[in-house]
$ cat query05.txt   # compact mmCIF, C-alpha atoms
# COMPACT_ATOMS: atom_id res chain seq x y z
CA MET J 1 22.85 -29.52 33.79
CA GLN J 2 21.98 -32.89 35.24
CA ASP J 3 18.28 -31.96 34.88
CA ALA J 4 18.54 -32.58 31.15
CA LEU J 5 19.44 -36.24 31.62
CA ALA J 6 16.82 -36.59 34.37
CA GLN J 7 14.13 -35.32 32.00
CA LEU J 8 15.27 -37.58 29.16
CA GLU J 9 15.19 -40.47 31.61
CA SER J 10 11.69 -39.45 32.66
CA THR J 11 10.41 -39.49 29.06
CA TYR J 12 11.85 -42.91 28.33
CA LEU J 13 10.91 -44.47 31.65
CA THR J 14 7.36 -43.12 31.48
CA LEU J 15 6.86 -44.93 28.19
CA GLN J 16 8.72 -48.13 29.10
CA PRO J 17 6.26 -49.68 31.61
CA GLN J 18 3.29 -48.73 29.40
CA ILE J 19 4.62 -49.83 26.03
CA GLY J 20 2.72 -53.13 26.02
CA MET J 21 -0.58 -51.42 26.87
CA LEU J 22 0.04 -48.65 24.35
CA LEU J 23 0.69 -51.11 21.54
CA ALA J 24 -2.29 -53.21 22.56
CA GLY J 25 -4.48 -50.09 22.51
CA CYS J 26 -3.69 -49.37 18.85
CA GLN J 27 -6.32 -50.35 16.31
CA THR J 28 -4.13 -50.06 13.25
CA GLN J 29 -0.65 -51.17 12.34
CA ALA J 30 0.14 -47.57 11.36
CA ASP J 31 -0.53 -46.45 14.94
CA ARG J 32 1.55 -49.29 16.32
CA ASP J 33 4.40 -48.26 14.01
CA LYS J 34 4.13 -44.65 15.17
CA ILE J 35 4.35 -45.63 18.84
CA THR J 36 7.22 -48.02 18.14
CA THR J 37 9.14 -45.30 16.30
CA GLN J 38 8.59 -42.75 19.07
CA PHE J 39 9.59 -45.25 21.75
CA VAL J 40 12.83 -46.13 19.95
CA GLN J 41 13.61 -42.41 19.59
CA ALA J 42 12.91 -41.72 23.28
CA ARG J 43 15.21 -44.58 24.31
CA ALA J 44 17.91 -43.47 21.87
CA ALA J 45 17.69 -39.87 23.12
CA TYR J 46 18.18 -41.06 26.70
CA TRP J 47 21.11 -43.38 25.98
CA SER J 48 22.87 -40.84 23.77
CA CYS J 49 23.15 -38.56 26.83
CA VAL J 50 24.16 -41.03 29.56
CA ASN J 51 27.77 -40.44 30.64
CA LYS J 52 27.84 -37.33 28.48
CA ALA J 53 27.40 -33.65 29.28
CA PHE J 54 25.67 -30.50 28.07
CA HIS J 55 27.13 -27.01 27.91
CA ASP J 56 26.01 -25.30 31.13
CA ASP J 57 25.75 -21.92 29.46
CA ASP J 58 23.73 -22.96 26.40
CA PRO J 59 20.34 -21.17 26.61
CA ALA J 60 18.83 -23.63 24.14
CA VAL J 61 19.59 -26.50 26.52
CA VAL J 62 17.96 -24.65 29.41
CA THR J 63 14.87 -23.85 27.34
CA LEU J 64 14.52 -27.39 25.98
CA THR J 65 14.99 -28.88 29.44
CA ASN J 66 12.23 -26.65 30.81
CA GLU J 67 9.97 -27.54 27.89
CA LEU J 68 10.62 -31.24 28.36
CA THR J 69 9.92 -30.99 32.09
CA ALA J 70 6.46 -29.56 31.37
CA ALA J 71 5.84 -31.98 28.51
CA ASN J 72 6.75 -34.98 30.70
CA THR J 73 3.95 -34.04 33.09
CA GLU J 74 1.47 -34.21 30.20
CA LEU J 75 3.01 -37.47 29.00
CA LYS J 76 2.56 -39.09 32.40
CA GLN J 77 -1.12 -38.14 32.44
CA ALA J 78 -1.70 -39.28 28.87
CA VAL J 79 -0.18 -42.74 29.27
CA ALA J 80 -1.77 -43.25 32.68
CA GLN J 81 -5.27 -42.50 31.34
CA LEU J 82 -4.78 -44.36 28.05
CA GLY J 83 -7.82 -42.68 26.54
CA ASP J 84 -8.04 -41.76 22.86
CA ILE J 85 -5.04 -43.53 21.34
CA LYS J 86 -4.69 -40.95 18.54
CA LYS J 87 -4.42 -38.11 21.08
CA THR J 88 -2.01 -40.18 23.16
CA ILE J 89 0.18 -40.75 20.10
CA ASP J 90 0.15 -36.99 19.40
CA THR J 91 1.24 -36.23 22.95
CA ILE J 92 3.97 -38.86 22.80
CA THR J 93 5.20 -37.49 19.46
CA GLN J 94 5.37 -33.92 20.79
CA VAL J 95 7.27 -34.95 23.90
CA VAL J 96 9.70 -37.19 22.04
CA THR J 97 10.37 -34.42 19.52
CA ILE J 98 11.47 -32.14 22.36
CA ALA J 99 13.52 -34.96 23.88
CA THR J 100 15.28 -35.59 20.58
CA SER J 101 16.04 -31.88 20.17
CA LEU J 102 17.48 -31.75 23.67
CA ALA J 103 19.57 -34.87 23.09
CA SER J 104 21.01 -33.30 19.94
CA LYS J 105 22.59 -30.63 22.16
CA VAL J 106 24.72 -33.10 24.10
CA ILE J 107 28.46 -32.68 23.75
CA PRO J 108 29.56 -35.48 21.38
CA MET K 1 73.94 -70.26 65.18
CA THR K 2 72.43 -70.27 61.68
CA LYS K 3 69.00 -69.74 63.22
CA ASN K 4 70.25 -66.78 65.22
CA TRP K 5 71.87 -65.30 62.16
CA LEU K 6 68.60 -65.70 60.22
CA SER K 7 66.62 -64.06 63.01
CA LEU K 8 69.05 -61.20 63.12
CA HIS K 9 68.95 -60.87 59.33
CA ARG K 10 65.13 -60.88 59.32
CA ALA K 11 64.95 -58.29 62.09
CA ARG K 12 67.43 -56.09 60.27
CA ARG K 13 65.56 -56.49 56.96
CA SER K 14 62.27 -55.73 58.69
CA ALA K 15 63.71 -52.59 60.23
CA ILE K 16 65.02 -51.50 56.84
CA SER K 17 61.64 -52.22 55.24
CA ALA K 18 59.83 -50.18 57.84
CA ALA K 19 62.26 -47.36 57.34
CA VAL K 20 61.83 -47.49 53.55
CA PHE K 21 58.05 -47.47 53.94
CA CYS K 22 58.05 -44.56 56.34
CA VAL K 23 60.41 -42.62 54.14
CA VAL K 24 58.44 -43.31 50.98
CA ILE K 25 55.08 -42.41 52.37
CA THR K 26 55.61 -39.91 55.08
CA GLY K 27 59.10 -38.59 54.97
CA GLY K 28 59.79 -39.88 58.42
CA CYS K 29 58.66 -42.41 61.01
CA LYS K 30 56.55 -40.11 63.16
CA THR K 31 53.43 -41.13 61.39
CA GLY K 32 54.69 -44.32 59.77
CA ASP K 33 51.92 -46.43 61.29
CA ASP K 34 49.35 -43.90 60.16
CA ALA K 35 50.72 -44.03 56.62
CA LYS K 36 50.66 -47.80 56.52
CA ALA K 37 47.10 -47.81 57.88
CA ALA K 38 46.01 -45.23 55.30
CA ALA K 39 47.55 -47.24 52.47
CA THR K 40 45.81 -50.42 53.66
CA GLN K 41 42.48 -48.60 53.94
CA LEU K 42 42.92 -47.02 50.53
CA ALA K 43 43.60 -50.46 49.04
CA ALA K 44 40.30 -51.76 50.48
CA THR K 45 38.34 -48.68 49.41
CA ALA K 46 39.72 -48.75 45.86
CA LYS K 47 38.92 -52.46 45.60
CA CYS K 48 35.38 -51.66 46.69
CA LEU K 49 35.20 -48.96 44.01
CA SER K 50 36.32 -51.49 41.43
CA ASP K 51 33.56 -53.87 42.58
CA TYR K 52 31.03 -51.03 42.38
CA TYR K 53 32.00 -50.32 38.76
CA SER K 54 31.95 -54.03 37.93
CA ALA K 55 28.38 -54.27 39.24
CA LEU K 56 27.43 -51.28 37.07
CA ALA K 57 28.98 -53.04 34.08
CA THR K 58 26.83 -56.08 34.87
CA ILE K 59 23.74 -53.84 34.92
CA LEU K 60 24.66 -52.58 31.45
CA THR K 61 25.20 -56.11 30.15
CA GLU K 62 21.79 -57.08 31.53
CA THR K 63 20.25 -53.97 29.97
CA ASP K 64 21.62 -54.97 26.59
CA SER K 65 19.99 -58.40 26.97
CA LEU K 66 16.70 -56.90 28.17
CA ASN K 67 16.48 -54.65 25.11
CA SER K 68 16.80 -57.76 22.95
CA VAL K 69 14.06 -59.44 25.02
CA GLU K 70 11.86 -56.39 24.45
CA GLN K 71 12.46 -56.63 20.72
CA VAL K 72 11.19 -60.22 20.75
CA MET K 73 8.22 -59.42 23.01
CA TYR K 74 6.92 -56.30 21.27
CA GLY K 75 8.73 -56.15 17.94
CA ILE K 76 10.47 -52.94 19.03
CA PRO K 77 13.74 -52.67 17.11
CA TYR K 78 16.86 -52.56 19.27
CA ASP K 79 18.54 -49.95 17.10
CA PRO K 80 22.29 -50.20 16.41
CA ALA K 81 22.91 -46.63 17.65
CA THR K 82 21.52 -47.43 21.11
CA GLN K 83 23.38 -50.74 21.17
CA ALA K 84 26.60 -48.87 20.39
CA GLN K 85 25.92 -46.22 23.08
CA ILE K 86 25.35 -48.88 25.73
CA ALA K 87 28.49 -50.75 24.62
CA ASP K 88 30.55 -47.54 24.79
CA ILE K 89 29.27 -46.67 28.27
CA SER K 90 29.94 -50.21 29.43
CA ALA K 91 33.51 -50.03 28.07
CA GLU K 92 34.09 -46.76 29.97
CA ILE K 93 32.70 -48.22 33.18
CA LYS K 94 34.99 -51.24 32.82
CA LYS K 95 37.97 -48.90 32.38
CA ARG K 96 37.04 -47.27 35.68
CA ALA K 97 36.84 -50.70 37.33
CA ALA K 98 40.32 -51.52 36.02
CA LEU K 99 41.68 -48.13 37.11
CA SER K 100 40.30 -48.63 40.62
CA LYS K 101 41.88 -52.07 40.75
CA ASP K 102 45.23 -50.54 39.75
CA LEU K 103 44.91 -47.97 42.53
CA SER K 104 44.11 -50.76 44.98
CA ASP K 105 47.21 -52.66 43.85
CA LEU K 106 49.35 -49.54 44.24
CA ALA K 107 48.04 -48.83 47.73
CA GLU K 108 48.51 -52.46 48.68
CA SER K 109 52.11 -52.46 47.47
CA LEU K 110 52.78 -49.28 49.46
CA ALA K 111 51.22 -50.81 52.56
CA SER K 112 53.36 -53.93 52.36
CA LEU K 113 56.71 -52.61 51.29
CA THR K 114 59.19 -55.39 52.05
CA GLY K 115 62.37 -56.46 50.34
CA SER K 116 64.66 -54.66 47.98
CA SER K 117 62.30 -54.83 44.95
CA ALA K 118 59.36 -53.28 46.85
CA ALA K 119 59.97 -49.71 45.70
CA THR K 120 60.34 -50.90 42.12
CA ASP K 121 57.05 -52.81 42.37
CA ALA K 122 55.21 -49.84 43.86
CA SER K 123 56.67 -47.56 41.22
CA ALA K 124 55.53 -49.97 38.48
CA SER K 125 52.02 -50.03 40.03
CA ALA K 126 51.92 -46.25 39.95
CA ALA K 127 53.05 -46.20 36.31
CA LYS K 128 50.35 -48.76 35.44
CA LEU K 129 47.76 -46.58 37.16
CA GLY K 130 48.93 -43.60 35.12
CA THR K 131 48.42 -45.58 31.91
CA ALA K 132 44.92 -46.59 33.05
CA LEU K 133 44.09 -42.97 33.83
CA ALA K 134 45.21 -41.94 30.36
CA SER K 135 42.79 -44.41 28.77
CA VAL K 136 39.72 -43.15 30.66
CA LYS K 137 37.54 -40.81 28.64
CA SER K 138 36.63 -37.69 30.53
CA ILE K 139 32.90 -37.20 30.09
CA LYS K 140 32.03 -34.08 32.03
CA PRO K 141 33.22 -30.71 30.76
CA ASP K 142 33.24 -29.22 34.25
CA MET K 143 35.65 -31.97 35.21
CA GLY K 144 37.52 -31.63 31.96
CA SER K 145 40.92 -32.60 30.81
CA ALA K 146 42.72 -30.36 33.34
CA GLU K 147 41.49 -32.45 36.26
CA GLN K 148 42.23 -35.70 34.51
CA THR K 149 45.67 -34.44 33.51
CA ALA K 150 46.32 -33.58 37.15
CA MET K 151 45.42 -37.13 38.17
CA LYS K 152 47.70 -38.59 35.50
CA ALA K 153 50.46 -36.25 36.62
CA ALA K 154 49.92 -37.38 40.22
CA ALA K 155 50.36 -41.04 39.21
CA GLY K 156 53.54 -40.12 37.34
CA LEU K 157 54.78 -38.15 40.31
CA ILE K 158 54.21 -41.10 42.62
CA ALA K 159 56.06 -43.49 40.28
CA THR K 160 59.08 -41.23 40.01
CA ALA K 161 59.07 -40.13 43.64
CA ILE K 162 59.04 -43.69 44.95
CA GLN K 163 62.00 -44.64 42.76
CA GLU K 164 63.92 -41.56 43.79
CA HIS K 165 62.87 -41.81 47.45
CA LYS K 166 61.32 -38.36 47.29
CA GLU K 167 58.88 -39.17 50.00
CA ARG K 168 56.98 -35.92 50.31
CA GLU K 169 56.35 -35.73 46.59
CA ALA K 170 55.00 -39.29 46.65
CA ALA K 171 52.67 -38.49 49.52
CA ARG K 172 51.48 -35.35 47.77
CA GLY K 173 50.85 -37.38 44.65
CA MET K 174 48.66 -39.85 46.57
CA ASP K 175 46.79 -36.94 48.11
CA GLN K 176 46.17 -35.39 44.70
CA LEU K 177 45.14 -38.72 43.23
CA THR K 178 42.57 -39.56 45.91
CA LYS K 179 41.05 -36.09 45.67
CA GLY K 180 40.83 -36.42 41.89
CA LEU K 181 39.21 -39.82 42.17
CA LEU K 182 36.58 -38.46 44.54
CA ASP K 183 35.76 -35.59 42.14
CA PHE K 184 35.61 -38.02 39.27
CA PHE K 185 33.08 -40.19 41.10
CA VAL K 186 30.95 -37.33 42.40
CA LYS K 187 30.53 -35.75 38.97
CA GLU K 188 29.55 -39.01 37.29
CA GLU K 189 27.41 -40.37 40.12
CA PRO K 190 24.03 -39.04 38.85
CA ASP K 191 24.59 -40.94 35.61
CA TYR K 192 25.32 -44.13 37.54
CA GLN K 193 22.06 -43.71 39.42
CA SER K 194 20.20 -43.15 36.18
CA ILE K 195 21.64 -46.39 34.78
CA GLY K 196 20.38 -48.19 37.89
CA ASN K 197 16.92 -46.64 37.59
CA GLN K 198 16.46 -47.59 33.96
CA TYR K 199 17.54 -51.15 34.72
CA ALA K 200 14.96 -51.45 37.51
CA VAL K 201 12.14 -50.05 35.34
CA LEU K 202 13.07 -51.98 32.19
CA SER K 203 13.52 -55.35 33.91
CA SER K 204 10.42 -55.03 36.10
CA SER K 205 8.16 -53.90 33.24
CA LEU K 206 9.19 -56.85 31.07
CA ALA K 207 8.81 -59.27 33.97
CA LEU K 208 5.36 -57.90 34.74
CA SER K 209 4.26 -58.17 31.12
CA LEU K 210 5.43 -61.77 30.86
CA LEU K 211 3.65 -62.59 34.12
CA GLN K 212 0.37 -60.93 33.16
CA ASN K 213 0.37 -62.66 29.80
CA GLY K 214 0.69 -66.09 31.40
CA GLN K 215 4.26 -66.59 30.22
CA THR K 216 5.73 -67.61 33.56
CA ASP K 217 5.67 -70.90 35.39
CA PRO K 218 4.20 -70.42 38.89
CA ALA K 219 5.40 -73.81 40.08
CA GLY K 220 8.49 -72.34 41.72
CA PHE K 221 6.37 -70.68 44.41
CA PHE K 222 5.40 -74.09 45.75
CA LYS K 223 8.86 -75.57 45.86
CA ALA K 224 9.36 -74.51 49.48
CA ALA K 225 6.38 -76.63 50.49
CA LEU K 226 7.08 -79.61 48.28
CA ASP K 227 10.87 -79.89 47.97
CA PRO K 228 11.44 -81.33 51.46
CA TYR K 229 9.14 -84.21 50.53
CA GLY K 230 10.57 -84.86 47.10
CA LEU K 231 7.40 -83.72 45.34
CA VAL K 232 7.24 -81.70 42.13
CA PRO K 233 4.57 -78.96 41.87
CA GLN K 234 1.94 -79.33 39.16
CA ILE K 235 -0.40 -76.36 39.56
CA THR K 236 -3.70 -76.66 37.69
CA ASP K 237 -6.16 -74.75 39.90
CA PRO K 238 -6.92 -71.35 38.23
CA LYS K 239 -7.59 -69.75 41.65
CA LEU K 240 -4.12 -70.75 42.83
CA LYS K 241 -2.59 -69.39 39.64
CA ALA K 242 -4.43 -66.08 40.02
CA GLY K 243 -3.35 -65.82 43.66
CA ILE K 244 0.25 -66.43 42.69
CA GLU K 245 0.04 -63.79 39.97
CA LYS K 246 -1.07 -61.12 42.43
CA LEU K 247 1.71 -62.08 44.82
CA ALA K 248 4.26 -62.10 41.99
CA GLU K 249 3.13 -58.67 40.77
CA LYS K 250 3.77 -57.28 44.24
CA GLN K 251 7.12 -59.02 44.42
CA ILE K 252 8.16 -57.51 41.08
CA ALA K 253 7.12 -54.01 42.19
CA ASP K 254 8.87 -54.40 45.56
CA LYS K 255 12.02 -55.74 43.95
CA ALA K 256 12.14 -52.89 41.43
CA GLU K 257 11.88 -50.34 44.25
CA ALA K 258 14.52 -52.19 46.26
CA LEU K 259 16.86 -52.14 43.25
CA LYS K 260 16.44 -48.37 42.88
CA THR K 261 16.93 -47.74 46.60
CA SER K 262 19.94 -50.02 47.00
CA GLN K 263 21.61 -48.53 43.92
CA LYS K 264 21.16 -45.04 45.33
CA GLN K 265 22.48 -46.07 48.75
CA ALA K 266 25.48 -47.85 47.24
CA ALA K 267 26.44 -44.75 45.24
CA GLY K 268 26.05 -42.57 48.35
CA ASP K 269 28.10 -44.96 50.48
CA MET K 270 30.80 -45.16 47.82
CA GLU K 271 31.06 -41.39 47.70
CA LYS K 272 31.21 -41.23 51.49
CA SER K 273 34.00 -43.83 51.58
CA LEU K 274 36.04 -42.01 48.93
CA ARG K 275 35.61 -38.72 50.76
CA GLN K 276 36.78 -40.23 54.05
CA MET K 277 39.79 -41.82 52.35
CA SER K 278 40.69 -38.54 50.67
CA GLU K 279 40.61 -36.79 54.05
CA ARG K 280 42.72 -39.48 55.69
CA VAL K 281 45.37 -39.49 52.93
CA ASP K 282 45.44 -35.70 53.14
CA LEU K 283 46.23 -35.92 56.87
CA VAL K 284 49.10 -38.32 56.23
CA ALA K 285 50.43 -36.26 53.31
CA ASN K 286 50.51 -33.20 55.57
CA GLU K 287 52.18 -35.19 58.36
CA LYS K 288 49.22 -34.85 60.68
CA PRO K 289 48.00 -37.69 62.91
CA MET K 290 45.61 -40.15 61.26
CA GLU K 291 44.34 -42.26 64.09
CA LEU K 292 41.70 -44.35 62.35
CA ARG K 293 42.71 -47.94 61.82
CA SER K 294 39.73 -49.37 59.93
CA ALA K 295 38.71 -48.84 56.34
CA PRO K 296 35.62 -46.61 55.96
CA LEU K 297 32.67 -48.57 57.34
CA SER K 298 30.45 -47.68 54.41
CA ILE K 299 32.47 -49.81 51.98
CA ALA K 300 30.85 -52.90 53.53
CA ASN K 301 27.44 -51.65 52.33
CA VAL K 302 28.76 -51.10 48.82
CA GLU K 303 30.37 -54.55 48.70
CA LYS K 304 27.10 -56.06 49.88
CA TRP K 305 25.20 -54.24 47.14
CA ALA K 306 27.65 -55.30 44.45
CA ALA K 307 27.46 -58.94 45.55
CA GLU K 308 23.68 -58.89 46.01
CA PHE K 309 23.15 -57.24 42.69
CA GLN K 310 25.11 -59.91 40.89
CA SER K 311 23.00 -62.60 42.49
CA ALA K 312 19.78 -60.58 42.00
CA ALA K 313 20.55 -60.08 38.32
CA GLY K 314 20.88 -63.82 37.99
CA LEU K 315 24.34 -65.23 37.60
CA ASN K 316 22.86 -68.16 35.69
CA THR K 317 21.91 -66.00 32.73
CA PRO K 318 24.36 -66.10 29.83
CA ALA K 319 24.64 -62.31 29.86
CA ALA K 320 25.56 -62.17 33.52
CA SER K 321 28.04 -65.00 33.15
CA LYS K 322 29.64 -63.24 30.19
CA SER K 323 29.88 -60.03 32.23
CA LYS K 324 31.38 -61.87 35.17
CA ASP K 325 34.06 -63.36 32.94
CA THR K 326 34.82 -59.98 31.41
CA THR K 327 35.23 -58.20 34.71
CA LYS K 328 37.36 -61.06 35.97
CA ASP K 329 39.75 -60.49 33.09
CA GLN K 330 40.41 -56.91 34.05

$ encode --input "query05.txt" --output "structure tokens"
Amino acid sequence: MQDALAQLESTYLTLQPQIGMLLAGCQTQADRDKITTQFVQARAAYWSCVNKAFHDDDPAVVTLTNELTAANTELKQAVAQLGDIKKTIDTITQVVTIATSLASKVIP
Amino acid sequence: MTKNWLSLHRARRSAISAAVFCVVITGGCKTGDDAKAAATQLAATAKCLSDYYSALATILTETDSLNSVEQVMYGIPYDPATQAQIADISAEIKKRAALSKDLSDLAESLASLTGSSAATDASASAAKLGTALASVKSIKPDMGSAEQTAMKAAAGLIATAIQEHKEREAARGMDQLTKGLLDFFVKEEPDYQSIGNQYAVLSSSLALSLLQNGQTDPAGFFKAALDPYGLVPQITDPKLKAGIEKLAEKQIADKAEALKTSQKQAAGDMEKSLRQMSERVDLVANEKPMELRSAPLSIANVEKWAAEFQSAAGLNTPAASKSKDTTKDQ
């Protein structure tokens, strides 16, 4: 189940190097707040699963990991292109929502 | 006459010590040298493991500082939940460093059994190791409490067996313990690598941002040219500054990649060393020849990484100094 942590890492570390550019690309404080919130959640999701484990036989974990894997591909494209900031924020929000759901499945 | 008596006494004591050692570790002197060699090698390997964990703890301390830097740079809150997670992970890693140090001490005491109190000392080391094992939180369900319980039981077995001169039980305990330690490391290793990756990405992205926003002093690049002549750089030419920025960007990217690669190699080398030690202790425990007389070669690479990382992370930073002091206390 190590893939789950790898995908959570991917979400967080895709956003990390681009965070300055993403914030600079926002035209409103509301957008900046949205990106900040999503970034904090992505980082929290990652750290809440380091040195922890998931149940191998939990189908929800498998599904969410697969969903996050696909979503991370979209995330990488979105933050690399840095086009329409509203669309980018939407993509980030969708991906981080999956990441947060996956992180909630970690064994406490 | 006195000198002769002393020589005789020393020779007799030495013979007794060797006999005690052989009995404790191997149940006989057939492979006594092998047992002593294995114990010495295990001491070095476990010390290396402790250094590996200490370097990881330094990475986590640096990560904590970098998240605070990021908060100042971008106004991104460093949330208490994440701070607590990082602190918890760091505490667990430090427990593993302490546990490895205890194992190194135990192996060292077994390798140098001399004098009448030696068995008591070795037994105390084993008991201390058992206590350290009890404090480590098992994090992987597939490793689970059964495996950890077996390791604790092995430490207890060693402590009792040494005291009671039940040599085969002691050797079996060491065998069980080294196998458990290898499993422990292997199952947690991907998480260690992830910690290394995030550190490389986080530190390099913040460094790059500070550089690109003109928040670094490029004067240091010219020190090599000017220091020998007692001159202090004062860079004002924009072309020079731009040139330095490009060079620095490449250096940051290269360094980040090097950090990721070296972390991965160190983890791989550590696993390899633990596996080799487990195999060697198994040979001795089963009274088979163990001809190797050097510690696993790969521990040198791990030690180099641990030392290089500490210097690469910057021992002058308050966070690194704090971490160094903490690990020293263990």

$ closest_atom_pairs --input "query05.txt" --of "chain J" --to "chain K" --cutoff "9 Å" --atoms "only C-alpha atoms" --output "tab-separated table"
residue	atom	partner	partner_atom	distance
J:Gln2	CA	K:Pro190	CA	7.4
J:Leu5	CA	K:Asp191	CA	8.0
J:Ala6	CA	K:Ser194	CA	7.6
J:Glu9	CA	K:Ser194	CA	7.3
J:Tyr12	CA	K:Gln198	CA	8.7
J:Leu13	CA	K:Gln198	CA	6.8
J:Gln16	CA	K:Leu202	CA	6.6
J:Pro17	CA	K:Ser205	CA	4.9
J:Gln18	CA	K:Ser205	CA	8.1
J:Ile19	CA	K:Tyr74	CA	8.4
J:Gly20	CA	K:Tyr74	CA	7.1
J:Leu23	CA	K:Tyr74	CA	8.1
J:Thr36	CA	K:Ile76	CA	6.0
J:Thr37	CA	K:Ile76	CA	8.2
J:Phe39	CA	K:Ile76	CA	8.2
J:Val40	CA	K:Pro77	CA	7.2
J:Arg43	CA	K:Thr82	CA	7.6
J:Ala44	CA	K:Thr82	CA	5.4
J:Ala45	CA	K:Thr82	CA	8.7
J:Trp47	CA	K:Gln85	CA	6.3
J:Ser48	CA	K:Gln85	CA	6.2
J:Cys49	CA	K:Gln85	CA	9.0
J:Val50	CA	K:Asp191	CA	6.1
J:Asn51	CA	K:Asp191	CA	5.9
J:Lys52	CA	K:Ile139	CA	5.3
J:Ala53	CA	K:Lys140	CA	5.4
J:Phe54	CA	K:Pro141	CA	8.0
J:His55	CA	K:Pro141	CA	7.7
J:Asp56	CA	K:Asp142	CA	8.8
J:Ile107	CA	K:Pro141	CA	8.7

$ atom_distance --input "query05.txt" --atom1 "CA of Lys128 in chain K" --atom2 "CA of Ala300 in chain K"
26.9 Å

$ atom_distance --input "query05.txt" --atom1 "CA of Lys288 in chain K" --atom2 "CA of Ser109 in chain K"
22.2 Å

$ atom_distance --input "query05.txt" --atom1 "CA of Asp217 in chain K" --atom2 "CA of Gly25 in chain J"
26.5 Å

$ closest_residue --input "query05.txt" --among "J:Gln29, J:Ser10, J:Gln41, J:Ser101" --to "Glu74 in chain J" --atoms "all atoms listed in the file"
J:Ser10
